[in-house]
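Single-structure report; data block below.
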Amino acid sequence: MESVLKKHFGYSTFRPYQEQIIQHILDGNDSLVVMATGSGKSLCYQVPPLISNKTAVVISPLISLMQDQVMTLKQRGIRAEYLSSAQIDSTVQSNAESGNFDILYMTPEKACLISNSFWSKLLNIGICLLAVDEAHCISEWGHNFRVEYKQLDKLRDVLINVPFVGLTATATEKVQSDIINSLKLKDPYVAVGSFDRKNLFYGAKASNRGSSSVFELVEEILKCAANPGSIIIYCTSIKDVEQISKSLLEAGVESAIYHGQMASKAREESHRSFIRDEIRIMVATIAFGMGIDKPDIRHVIHYGCPKSLESYYQESGRCGRDGIASNCWLYYTRSDFAKADFYCREARSVSQRKAIMVSFMAAQQYCMLRTCRRKYLLEYFGEICAYENCGYCDNCAVPKKEIDISKQAFLLMACIKLCGGRWGLNLPVDVLRGSRSKKIVDAKYDKLPFHGLGKEVSANWWKILASQLISFGFLTENLNDVYKTISVSLDGMHFLSSCTPDHQPPLLLPVGEEEHKNAIGDGGDLNMDFLKSEGLLQGEVELYKMLLEERMKLARTAGIAPYAICGDQTIKKFVVLRPSTKARLANIDGVNQHLLAKYGDRILQAIRDLSKGLGLSLDGLSNLQVVNNQNICTASNHLKELTPAKFQAWKMWYEDGLSLQKIANFPGRSAPIKVQTVVGYILDAARQGCAIDWMRFSEEIGLTQEAFINIQLAIMKVGSKDKLKPIKDELTEEVSYTHITAVLTMVDLGLTRDALVANHWSGNEANKCSKEMAEIPKQLDILSHAESKICELKEPVNCMEDHLSSEEKNKAVSRMQEFDDQQSLRKRQRVDPLPQENLVSVEATEDSIIEWLGNFENGVSLPDFVEHFNGSTVESIAQLLSCLESEFLIYKKSDNYKLM
Ligand SMILES: Nc1ncnc2c1ncn2[C@@H]1O[C@H](COP(=O)(O)OP(=O)(O)OP(=O)(O)O)[C@@H](O)[C@H]1O
């Protein structure tokens, strides 16, 4: 599984659930996969055909979506095609019947209409799964019910023993059981992942939908468009699509439009130019984008309240699929909320009408929410959310002014209660405002003590207050049949019981329509400065921009979308690592075999030329500030991944330059904390991708090169990094647990000792180290790792060259020689008793390496190679491994080489 993942997709690790789901499919079981947008569901059905050499059939609702997927898969060297009414290549069906595709996409209509003989032929040749993507379309309780999906159960009788997989990003429990029943899934493996999209900032803002608000929106979009990445603006009407696109054009910015009334050719052209980055702004109705996998969409703006919270989650989920911080803003007006009837027209039954109303009400509440938006979204989808404040939505990030609204809240709640909780919000508000409408007079509500007491403020003001009271749980909206009523909740009753008409306890709420100046921009600094905040140097930021342009050129020549070549995250890794060889390029996460073969030389050439022009060295060794290449994230990401205490500690240490000691005893703390705790915080920050100056860090914790090496050797000896105690037991007393944890973190982050030696430890220390290395504790099992140690010991000398005088260098070299001699002596002494075959010289060749590696499922480390291939030098073995890696015959994971 892992080798397929690297070879075709370029990734070295699976995301949560992927491996288990794939295994269940390979074992022939049905599955239901409910995982967040952009979490990697597609991979679950894309990997099994590559392992089993059988075709995977994928039912997908949209032709444009299938075309995108097929384009991307072909770029990964995967044989993919689609069958639908739009397919002009008449050979696809017969090729599919002959098993010539790894993955075959089909619309549900096609899947139901195609002849049984097609399925029989495919069954004979080999079909490994039938996946139903966007499976929520099967359920009337889903937000996108499609009749054709309901008929897919027919296939169950035809494709006997073929594992069925339903996949969706949005399914409440009711929808999940609907999918299981409709697809007749047999005892399925159900994987429900978190719905949390951590890199997405959520915000909502009231707007009046007049020309001033369009102007404001356009201004915001212009600011966003100055930065890399794409933008989608979803409108609730075609009129709005046209108006916003026109306003953008008047402001000098071109945008594509997409809506249901456009001719299909024009729609296709819009879609195509957007995904190929020819146009970066798309103004569309929700007809656009289902399942779109453009990874670099940085903003999804809803201009109007969406029809359901599920569709909002899906549409906003198209943002930031590459994991980079991105923004989801929603502009709403109260008049949007009057569209319930319009949406209910789609309903075919009373239960469906109710379902539409429930999710529309949830979307409305989301708009008006004053509490954490993320928590609300997650809890809507049934996820338990322990925190109150995510710190990464407008309500959590921007502190609101709180005012005491106890008097007004008392009036409204008491009035709602006296009206019996049987009405919608309008009636009690009209009572407060002194209306004498027939309904009010007939019900004698004009006689209530509160009648007319609230006429000083507008009806709208009372409605906004009501929505805050709903947000904070004092009022409850209920759906009776299809009409909403409002009543006082238990918390509200509790508040009322503590009030008298003359006295109410204070009730502080963040009320009033807040001004969100620069609303869209609030969600994080998305301009090029964010790259600097990740620790990138100015030259590296330049290199990033240039490589994006290079990718664009390659994509234009190939007639494909730039992201199909590789994602922005991968480009960032190119920038930081600046690989000089194909093997190094191949090792980067996101680089697959196809990319390497097709574009590898061009990419390497560009990196070489551009880096030279910018004065950047290759192979990224000089830049020790950024070592966490696997998990580069923005400052705003750090905020979310780390607890505030850890993030603060990192900021104080890295940005403000305070020592670990000072941070531990910082006067602002209620009590000092231990220095080790601070060290732990900084190491956690490093693991989350925060920049670290490792030279300074090592100095502060007293980690010498000698200790570093000894810890590495101890790890090798123990053979596992999981437990610290056995490693500590191998070391002298001066080496602390803090040192061990620090080295483990550095090693995990890919920081090599060479880099530290070259940049940090002084010649004297390296010299001293080499001397002391020659006295490595005898209890170490020299035999098993002798060669690797010798080769490691030689490295510091090479790296020291810039720092040492020639006399010092000579001394170091002669000490090395002494050590070599001692080692070979020891080796000879220890080798003697070994059986004779171990003394036979084994030479490394590409074939012998591959053959030998085939014996080890868990892979083999370089020292093991050196030990086995005792007839070859470490350099030649390393070179052979590098070649095999770049040919994708082997790959490296956690320092072990494995067979592809
Ligand atoms: N193991 C992985 N490592 C790194 N990236 C991955 C991994 N798996 C998937 N991805 C990438 O994540 C992105 C989103 O994946 P995918 O399109 O499968 O999401 P999805 O769950 O189907 O989303 P949606 O519901 O919105 O269609 C893709 O660009 C994909 O290549």
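If you're wondering about the labels, chains in the structure tokens are A, B, ... by order shown, residues count from 1 in each chain, ligands from 1 in order shown.
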For the interface of chain A with ligand 1 (cut-off 9 Å, counting only C-alpha atoms and all ligand atoms), please tabulate each contacting residue of chain A alongside its nearest pair of atoms and their separation in Å to one decimal, rows sorted by chain and increasing number, as a Markdown table.
```
| residue | atom | partner | partner_atom_place_in_ligand_line | distance |
| --- | --- | --- | --- | --- |
| A:Leu5 | CA | ligand 1 | 1 (N) | 7.5 |
| A:Phe9 | CA | ligand 1 | 31 (O) | 6.9 |
| A:Gly10 | CA | ligand 1 | 4 (C) | 8.1 |
| A:Tyr11 | CA | ligand 1 | 3 (N) | 5.0 |
| A:Ser12 | CA | ligand 1 | 3 (N) | 7.0 |
| A:Thr13 | CA | ligand 1 | 1 (N) | 5.4 |
| A:Phe14 | CA | ligand 1 | 1 (N) | 3.8 |
| A:Arg15 | CA | ligand 1 | 1 (N) | 4.5 |
| A:Pro16 | CA | ligand 1 | 1 (N) | 8.2 |
| A:Gln18 | CA | ligand 1 | 1 (N) | 7.4 |
| A:Val34 | CA | ligand 1 | 21 (O) | 8.7 |
| A:Met35 | CA | ligand 1 | 21 (O) | 6.2 |
| A:Ala36 | CA | ligand 1 | 21 (O) | 6.0 |
| A:Thr37 | CA | ligand 1 | 26 (O) | 3.6 |
| A:Gly38 | CA | ligand 1 | 23 (O) | 3.4 |
| A:Ser39 | CA | ligand 1 | 21 (O) | 4.0 |
| A:Gly40 | CA | ligand 1 | 18 (O) | 3.2 |
| A:Lys41 | CA | ligand 1 | 21 (O) | 3.7 |
| A:Ser42 | CA | ligand 1 | 18 (O) | 3.6 |
| A:Leu43 | CA | ligand 1 | 18 (O) | 5.2 |
| A:Cys44 | CA | ligand 1 | 18 (O) | 7.7 |
| A:Gln46 | CA | ligand 1 | 18 (O) | 8.9 |
| A:Gln69 | CA | ligand 1 | 17 (O) | 8.6 |
| A:Asp133 | CA | ligand 1 | 27 (O) | 8.2 |
| A:Glu134 | CA | ligand 1 | 25 (O) | 7.3 |
| A:Leu167 | CA | ligand 1 | 25 (O) | 8.0 |
| A:Thr168 | CA | ligand 1 | 25 (O) | 6.1 |
| A:Ala169 | CA | ligand 1 | 25 (O) | 4.9 |
| A:Thr170 | CA | ligand 1 | 25 (O) | 8.3 |
| A:Met290 | CA | ligand 1 | 27 (O) | 7.6 |
| A:Gly291 | CA | ligand 1 | 27 (O) | 4.2 |
| A:Ile292 | CA | ligand 1 | 27 (O) | 6.6 |
| A:Asp293 | CA | ligand 1 | 17 (O) | 5.3 |
| A:Lys294 | CA | ligand 1 | 29 (O) | 7.4 |
| A:Pro295 | CA | ligand 1 | 29 (O) | 5.8 |
| A:Gln314 | CA | ligand 1 | 26 (O) | 6.9 |
| A:Glu315 | CA | ligand 1 | 26 (O) | 8.6 |
| A:Gly317 | CA | ligand 1 | 26 (O) | 6.3 |
| A:Arg318 | CA | ligand 1 | 26 (O) | 6.1 |
| A:Arg321 | CA | ligand 1 | 13 (C) | 5.7 |
| A:Asp322 | CA | ligand 1 | 13 (C) | 6.2 |
| A:Gly323 | CA | ligand 1 | 12 (O) | 8.3 |
| A:Tyr563 | CA | ligand 1 | 29 (O) | 8.5 |
| A:Ala564 | CA | ligand 1 | 29 (O) | 8.9 |
| A:Gly567 | CA | ligand 1 | 29 (O) | 7.5 |
| A:Asp589 | CA | ligand 1 | 4 (C) | 7.7 |
| A:Gly590 | CA | ligand 1 | 4 (C) | 7.0 |
```
For Leu200 in chain A, list every protein, DNA or RNA residue within 8 Å, evaluated using only C-alpha atoms, and leave out those in the same chain fewer than 6 positions away; present the list as JSON, numbers by chain. {"A": [319, 320, 325, 326, 327, 328, 392]}
So which one's closest to Ser351 in chain A, A:Thr172, A:Ser139, A:Asn460, A:Thr107? Using only C-alpha atoms, please.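 When distances to Ser351 in chain A are compared using only C-alpha atoms, the smallest one comes from A:Ser139.
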Within 7 Å of range 879-892 of chain A, counting only C-alpha atoms, which residues qualify if same-chain residues fewer than 2 places away don't, as number ranges by chain? A: 7, 582-583, 586, 593, 846, 875-877, 894-900
Would you mind exporting the chosen residues as a PDB file, in the first residue's frame, restricted to C-alpha atoms?
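New file again.pdb:
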```
ATOM      1  CA  LYS A   7       4.770   5.727  -6.599  1.00  0.00           C
ATOM      2  CA  LYS A 582      16.501  13.168  -8.831  1.00  0.00           C
ATOM      3  CA  ALA A 583      16.773  10.937  -5.789  1.00  0.00           C
ATOM      4  CA  ALA A 586      11.847  11.775  -5.446  1.00  0.00           C
ATOM      5  CA  GLN A 593       6.914   8.588 -10.245  1.00  0.00           C
ATOM      6  CA  GLU A 846      21.497  -2.791  -7.985  1.00  0.00           C
ATOM      7  CA  GLU A 875      29.634   5.731  -0.514  1.00  0.00           C
ATOM      8  CA  SER A 876      28.986   3.278  -3.316  1.00  0.00           C
ATOM      9  CA  ILE A 877      26.114   1.680  -1.410  1.00  0.00           C
ATOM     10  CA  SER A 894      11.780   6.527   8.761  1.00  0.00           C
ATOM     11  CA  ASP A 895      15.410   5.919   7.789  1.00  0.00           C
ATOM     12  CA  ASN A 896      14.619   2.456   6.426  1.00  0.00           C
ATOM     13  CA  TYR A 897      14.765   1.525   2.775  1.00  0.00           C
ATOM     14  CA  LYS A 898      11.888  -0.582   1.515  1.00  0.00           C
ATOM     15  CA  LEU A 899      11.116  -2.287  -1.731  1.00  0.00           C
ATOM     16  CA  MET A 900       8.591  -0.408  -3.876  1.00  0.00           C
TER      17      MET A 900
END
```
